[in-house]
>>> print(open('input.txt').read())   # compact mmCIF, C-alpha atoms
# COMPACT_ATOMS: atom_id res chain seq x y z
CA MET A 10 16.69 74.48 -28.16
CA ILE A 11 13.80 72.39 -26.94
CA PHE A 12 13.28 72.20 -23.18
CA ILE A 13 11.46 69.24 -21.65
CA THR A 14 10.50 69.39 -17.99
CA GLY A 15 8.26 67.65 -15.49
CA GLY A 16 8.45 65.75 -12.24
CA ALA A 17 10.93 63.00 -11.46
CA PHE A 18 10.36 59.68 -13.23
CA GLN A 19 7.63 61.04 -15.51
CA GLY A 20 9.20 59.86 -18.78
CA LYS A 21 11.00 62.99 -19.95
CA CYS A 22 14.02 61.17 -21.40
CA GLU A 23 11.86 58.56 -23.12
CA TYR A 24 9.69 61.33 -24.56
CA ALA A 25 12.80 63.15 -25.83
CA GLU A 26 14.20 60.00 -27.44
CA LYS A 27 10.89 59.09 -29.08
CA ASN A 28 10.15 62.58 -30.43
CA TYR A 29 13.62 64.08 -30.94
CA GLY A 30 15.90 61.05 -31.23
CA ASN A 31 17.83 62.54 -34.15
CA CYS A 32 18.87 65.57 -32.05
CA ASN A 33 21.56 65.96 -29.41
CA ILE A 34 19.76 65.25 -26.12
CA VAL A 35 21.15 66.57 -22.84
CA ARG A 36 19.48 64.49 -20.16
CA ASN A 37 18.90 65.42 -16.52
CA TYR A 38 20.19 68.99 -16.59
CA HIS A 39 19.10 69.31 -12.96
CA LEU A 40 21.99 66.98 -12.03
CA ILE A 41 24.41 69.24 -13.88
CA VAL A 42 23.10 72.16 -11.78
CA LYS A 43 23.72 70.16 -8.60
CA GLU A 44 27.32 69.38 -9.58
CA GLN A 45 27.94 73.02 -10.51
CA LEU A 46 26.73 74.14 -7.06
CA LYS A 47 28.94 71.55 -5.36
CA ALA A 48 31.90 72.85 -7.38
CA GLY A 49 31.22 76.46 -6.33
CA LYS A 50 30.12 77.56 -9.81
CA ASP A 51 27.18 79.84 -10.60
CA PRO A 52 24.61 77.62 -12.37
CA ILE A 53 22.80 80.64 -13.84
CA LYS A 54 25.96 81.85 -15.60
CA GLU A 55 26.80 78.29 -16.62
CA ALA A 56 23.29 77.87 -18.09
CA GLU A 57 23.66 81.11 -20.06
CA LYS A 58 26.91 79.77 -21.57
CA PHE A 59 25.27 76.41 -22.24
CA ILE A 60 22.34 78.03 -24.05
CA ASN A 61 24.64 80.11 -26.26
CA GLU A 62 26.70 77.05 -27.21
CA ASN A 63 23.83 74.57 -27.65
CA GLU A 64 21.07 76.19 -29.68
CA ASP A 65 20.14 72.99 -31.53
CA CYS A 66 19.74 70.52 -28.67
CA VAL A 67 17.01 69.02 -26.53
CA VAL A 68 17.35 69.45 -22.74
CA THR A 69 15.51 67.52 -20.03
CA SER A 70 15.38 68.71 -16.42
CA ASP A 71 13.31 67.80 -13.38
CA GLU A 72 10.78 70.23 -11.98
CA MET A 73 11.31 70.25 -8.21
CA GLY A 74 9.04 72.97 -6.90
CA CYS A 75 6.12 70.81 -5.84
CA GLY A 76 7.68 68.66 -3.12
CA ILE A 77 8.47 68.94 0.55
CA VAL A 78 10.96 71.68 1.45
CA PRO A 79 14.17 69.94 2.57
CA ILE A 80 15.74 70.60 5.98
CA ASP A 81 19.25 70.54 4.48
CA LYS A 82 20.45 74.04 3.49
CA PHE A 83 22.27 72.83 0.38
CA GLU A 84 19.21 70.93 -0.87
CA ARG A 85 17.02 74.04 -0.43
CA GLU A 86 19.55 76.16 -2.32
CA TYR A 87 19.81 73.50 -5.04
CA ARG A 88 16.04 73.43 -5.56
CA GLU A 89 15.86 77.21 -5.66
CA VAL A 90 18.68 77.54 -8.18
CA ASN A 91 17.41 74.66 -10.29
CA GLY A 92 14.03 76.39 -10.53
CA ARG A 93 15.70 79.59 -11.68
CA VAL A 94 17.82 77.71 -14.22
CA ASN A 95 14.71 75.92 -15.54
CA CYS A 96 12.99 79.31 -15.94
CA LEU A 97 15.98 80.57 -17.92
CA LEU A 98 16.06 77.47 -20.13
CA ALA A 99 12.31 77.75 -20.75
CA LYS A 100 12.58 81.45 -21.58
CA LYS A 101 15.33 80.88 -24.14
CA ALA A 102 13.90 77.67 -25.64
CA GLN A 103 12.03 77.65 -28.92
CA ASN A 104 9.65 75.05 -27.51
CA VAL A 105 8.89 73.88 -23.96
CA VAL A 106 7.24 70.54 -23.25
CA ARG A 107 5.91 69.42 -19.86
CA VAL A 108 5.78 65.65 -19.46
CA VAL A 109 3.44 63.97 -16.97
CA CYS A 110 2.92 60.19 -16.98
CA GLY A 111 4.89 59.98 -20.23
CA ILE A 112 2.55 62.36 -22.03
CA GLY A 113 4.01 65.59 -23.33
CA SER A 114 2.08 68.85 -23.43
CA ILE A 115 3.59 71.68 -25.43
CA ILE A 116 3.41 74.78 -23.24
CA LYS A 117 5.52 77.04 -25.45
>>> encode(input="input.txt", output="structure tokens")
Amino acid sequence: MIFITGGAFQGKCEYAEKNYGNCNIVRNYHLIVKEQLKAGKDPIKEAEKFINENEDCVVTSDEMGCGIVPIDKFEREYREVNGRVNCLLAKKAQNVVRVVCGIGSIIK
């Protein structure tokens, strides 16, 4: 698996398509995490299953840890869990790319 992360609207999906267009690309995994939380699922366990079933894919997910802390309890929980899921995806990935302004930097 290749994990691509970075801030919102930094060109992660475009980077994935340009560099890994022949692979299965799972875009915006952070939105999957949000839906799992809303459905009462454990996103960490779901991510572990996802990783085991999708070893040959490219995953993009927003990094959310650098913004303003939301007042809404759900939004705080979502950001916390998404950060933990991103850490898990990065740990298990063969390569990790951080995209800023459309430019990818390989960090693993």
>>> residues_around(input="input.txt", residues="Met73 of chain A", least_positions_apart="6", cutoff="9 Å", atoms="all atoms listed in the file", output="list of chain:residue names")
A:Gly15, A:Gly16, A:Ala17, A:Arg88, A:Glu89, A:Asn91, A:Gly92
>>> closest_atom_pairs(input="input.txt", of="segment 25-70 of chain A", to="segment 97-112 of chain A", cutoff="9 Å", atoms="only C-alpha atoms", output="tab-separated table")
residue	atom	partner	partner_atom	distance
A:Ile53	CA	A:Leu97	CA	7.9
A:Ala56	CA	A:Leu98	CA	7.5
A:Glu57	CA	A:Leu97	CA	8.0
A:Ile60	CA	A:Leu98	CA	7.4
A:Glu64	CA	A:Ala102	CA	8.4
A:Val68	CA	A:Leu98	CA	8.5
>>> atom_distance(input="input.txt", atom1="atom CA of Glu86 of chain A", atom2="atom CA of Val35 of chain A")
22.7 Å
>>> atom_distance(input="input.txt", atom1="atom CA of Cys96 of chain A", atom2="atom CA of Leu40 of chain A")
15.8 Å
>>> closest_residue(input="input.txt", among="A:Pro52, A:Thr69, A:Phe83, A:Val78", to="Glu23 of chain A", atoms="all atoms listed in the file")
A:Thr69
>>> closest_residue(input="input.txt", among="A:Gln19, A:Asn33, A:Gln45, A:Asn28", to="Val94 of chain A", atoms="all atoms listed in the file")
A:Gln45
>>> closest_residue(input="input.txt", among="A:Lys82, A:Lys47, A:Lys54, A:Lys27", to="Gly113 of chain A", atoms="only C-alpha atoms")
A:Lys27
>>> closest_residue(input="input.txt", among="A:Leu46, A:Met10, A:Val67, A:Ile116", to="Cys22 of chain A", atoms="all atoms listed in the file")
A:Val67
>>> atom_distance(input="input.txt", atom1="atom CA of Arg85 of chain A", atom2="atom CA of His39 of chain A")
13.6 Å
>>> closest_residue(input="input.txt", among="A:Val42, A:Ile11, A:Cys32, A:Ser114", to="Asp71 of chain A", atoms="all atoms listed in the file")
A:Val42
>>> axis_aligned_box(input="input.txt", around="segment 86-104 of chain A", padding_each_side="5 Å", output="JSON")
{"center_x": 14.7, "center_y": 77.4, "center_z": -15.6, "size_x": 20.2, "size_y": 18.0, "size_z": 36.6}
>>> closest_residue(input="input.txt", among="A:Lys50, A:Lys58, A:Lys43, A:Lys117", to="Thr14 of chain A", atoms="only C-alpha atoms")
A:Lys117
>>> decode(input="input.txt", residues="chain A", atoms="C-alpha atoms", output="mmCIF file, in the first residue's frame")
data_model
loop_
_atom_site.group_PDB
_atom_site.id
_atom_site.type_symbol
_atom_site.label_atom_id
_atom_site.label_comp_id
_atom_site.auth_asym_id
_atom_site.auth_seq_id
_atom_site.Cartn_x
_atom_site.Cartn_y
_atom_site.Cartn_z
ATOM 1 C CA MET A 10 0.000 0.000 0.000
ATOM 2 C CA ILE A 11 1.040 3.562 -0.690
ATOM 3 C CA PHE A 12 -0.324 6.225 1.656
ATOM 4 C CA ILE A 13 -0.613 9.826 0.493
ATOM 5 C CA THR A 14 -1.441 12.500 3.047
ATOM 6 C CA GLY A 15 -1.378 16.262 3.443
ATOM 7 C CA GLY A 16 -3.705 19.149 4.146
ATOM 8 C CA ALA A 17 -7.078 19.681 2.512
ATOM 9 C CA PHE A 18 -7.018 20.774 -1.134
ATOM 10 C CA GLN A 19 -3.261 20.242 -1.526
ATOM 11 C CA GLY A 20 -3.484 18.016 -4.615
ATOM 12 C CA LYS A 21 -3.283 14.544 -3.080
ATOM 13 C CA CYS A 22 -5.742 12.920 -5.495
ATOM 14 C CA GLU A 23 -4.151 14.568 -8.527
ATOM 15 C CA TYR A 24 -0.727 13.444 -7.321
ATOM 16 C CA ALA A 25 -2.013 9.881 -6.884
ATOM 17 C CA GLU A 26 -3.566 9.825 -10.352
ATOM 18 C CA LYS A 27 -0.460 11.265 -12.015
ATOM 19 C CA ASN A 28 2.022 8.966 -10.258
ATOM 20 C CA TYR A 29 -0.021 5.822 -9.562
ATOM 21 C CA GLY A 30 -2.847 5.982 -12.113
ATOM 22 C CA ASN A 31 -2.552 2.297 -12.967
ATOM 23 C CA CYS A 32 -3.252 1.283 -9.330
ATOM 24 C CA ASN A 33 -6.492 1.092 -7.385
ATOM 25 C CA ILE A 34 -6.781 4.514 -5.705
ATOM 26 C CA VAL A 35 -8.919 4.945 -2.593
ATOM 27 C CA ARG A 36 -9.533 8.671 -2.351
ATOM 28 C CA ASN A 37 -10.375 10.685 0.761
ATOM 29 C CA TYR A 38 -10.095 7.934 3.362
ATOM 30 C CA HIS A 39 -10.747 10.574 6.028
ATOM 31 C CA LEU A 40 -14.365 10.737 4.797
ATOM 32 C CA ILE A 41 -14.671 6.968 5.209
ATOM 33 C CA VAL A 42 -13.493 7.390 8.825
ATOM 34 C CA LYS A 43 -16.167 10.040 9.392
ATOM 35 C CA GLU A 44 -18.935 7.790 8.052
ATOM 36 C CA GLN A 45 -17.695 4.878 10.163
ATOM 37 C CA LEU A 46 -17.871 7.034 13.305
ATOM 38 C CA LYS A 47 -21.386 8.192 12.414
ATOM 39 C CA ALA A 48 -22.399 4.547 11.970
ATOM 40 C CA GLY A 49 -21.007 3.591 15.399
ATOM 41 C CA LYS A 50 -18.138 1.535 13.975
ATOM 42 C CA ASP A 51 -14.559 1.515 15.261
ATOM 43 C CA PRO A 52 -12.464 3.162 12.502
ATOM 44 C CA ILE A 53 -9.230 1.671 13.863
ATOM 45 C CA LYS A 54 -10.558 -1.881 13.523
ATOM 46 C CA GLU A 55 -12.071 -1.029 10.144
ATOM 47 C CA ALA A 56 -8.707 0.359 8.969
ATOM 48 C CA GLU A 57 -6.939 -2.823 10.094
ATOM 49 C CA LYS A 58 -9.381 -4.885 7.999
ATOM 50 C CA PHE A 59 -8.969 -2.487 5.079
ATOM 51 C CA ILE A 60 -5.175 -2.759 5.198
ATOM 52 C CA ASN A 61 -5.283 -6.568 5.238
ATOM 53 C CA GLU A 62 -7.645 -6.653 2.248
ATOM 54 C CA ASN A 63 -6.009 -3.891 0.178
ATOM 55 C CA GLU A 64 -2.255 -4.399 0.151
ATOM 56 C CA ASP A 65 -1.819 -3.208 -3.449
ATOM 57 C CA CYS A 66 -3.692 0.092 -3.413
ATOM 58 C CA VAL A 67 -2.989 3.785 -3.056
ATOM 59 C CA VAL A 68 -4.828 5.630 -0.249
ATOM 60 C CA THR A 69 -5.264 9.388 0.142
ATOM 61 C CA SER A 70 -6.365 10.984 3.411
ATOM 62 C CA ASP A 71 -6.396 14.511 4.795
ATOM 63 C CA GLU A 72 -4.083 15.491 7.617
ATOM 64 C CA MET A 73 -6.222 17.439 10.098
ATOM 65 C CA GLY A 74 -3.980 18.045 13.075
ATOM 66 C CA CYS A 75 -2.874 21.572 12.237
ATOM 67 C CA GLY A 76 -6.155 23.480 12.360
ATOM 68 C CA ILE A 77 -8.370 25.069 14.963
ATOM 69 C CA VAL A 78 -9.808 22.661 17.540
ATOM 70 C CA PRO A 79 -13.561 22.423 16.862
ATOM 71 C CA ILE A 80 -16.139 23.199 19.553
ATOM 72 C CA ASP A 81 -18.339 20.299 18.418
ATOM 73 C CA LYS A 82 -17.589 17.085 20.367
ATOM 74 C CA PHE A 83 -18.101 14.813 17.349
ATOM 75 C CA GLU A 84 -15.734 16.888 15.195
ATOM 76 C CA ARG A 85 -13.026 16.716 17.893
ATOM 77 C CA GLU A 86 -13.446 12.949 18.162
ATOM 78 C CA TYR A 87 -13.389 12.622 14.371
ATOM 79 C CA ARG A 88 -10.116 14.536 14.087
ATOM 80 C CA GLU A 89 -8.550 12.504 16.874
ATOM 81 C CA VAL A 90 -9.581 9.170 15.375
ATOM 82 C CA ASN A 91 -8.631 10.225 11.862
ATOM 83 C CA GLY A 92 -5.145 11.093 13.105
ATOM 84 C CA ARG A 93 -4.819 7.680 14.713
ATOM 85 C CA VAL A 94 -6.074 5.951 11.555
ATOM 86 C CA ASN A 95 -3.599 7.948 9.441
ATOM 87 C CA CYS A 96 -0.789 6.844 11.782
ATOM 88 C CA LEU A 97 -1.853 3.225 11.335
ATOM 89 C CA LEU A 98 -2.049 3.552 7.551
ATOM 90 C CA ALA A 99 1.382 5.204 7.465
ATOM 91 C CA LYS A 100 2.891 2.516 9.692
ATOM 92 C CA LYS A 101 1.605 -0.304 7.496
ATOM 93 C CA ALA A 102 2.285 1.389 4.141
ATOM 94 C CA GLN A 103 5.292 0.514 2.025
ATOM 95 C CA ASN A 104 5.640 4.167 1.069
ATOM 96 C CA VAL A 105 4.221 7.387 2.544
ATOM 97 C CA VAL A 106 4.022 10.606 0.545
ATOM 98 C CA ARG A 107 3.154 14.028 1.980
ATOM 99 C CA VAL A 108 1.708 16.413 -0.593
ATOM 100 C CA VAL A 109 1.871 20.188 -0.152
ATOM 101 C CA CYS A 110 0.919 22.559 -2.984
ATOM 102 C CA GLY A 111 0.719 19.585 -5.344
ATOM 103 C CA ILE A 112 4.313 18.550 -4.663
ATOM 104 C CA GLY A 113 4.883 15.144 -3.132
ATOM 105 C CA SER A 114 7.681 14.422 -0.685
ATOM 106 C CA ILE A 115 8.398 10.785 0.082
ATOM 107 C CA ILE A 116 8.675 10.511 3.865
ATOM 108 C CA LYS A 117 8.790 6.711 4.046
#
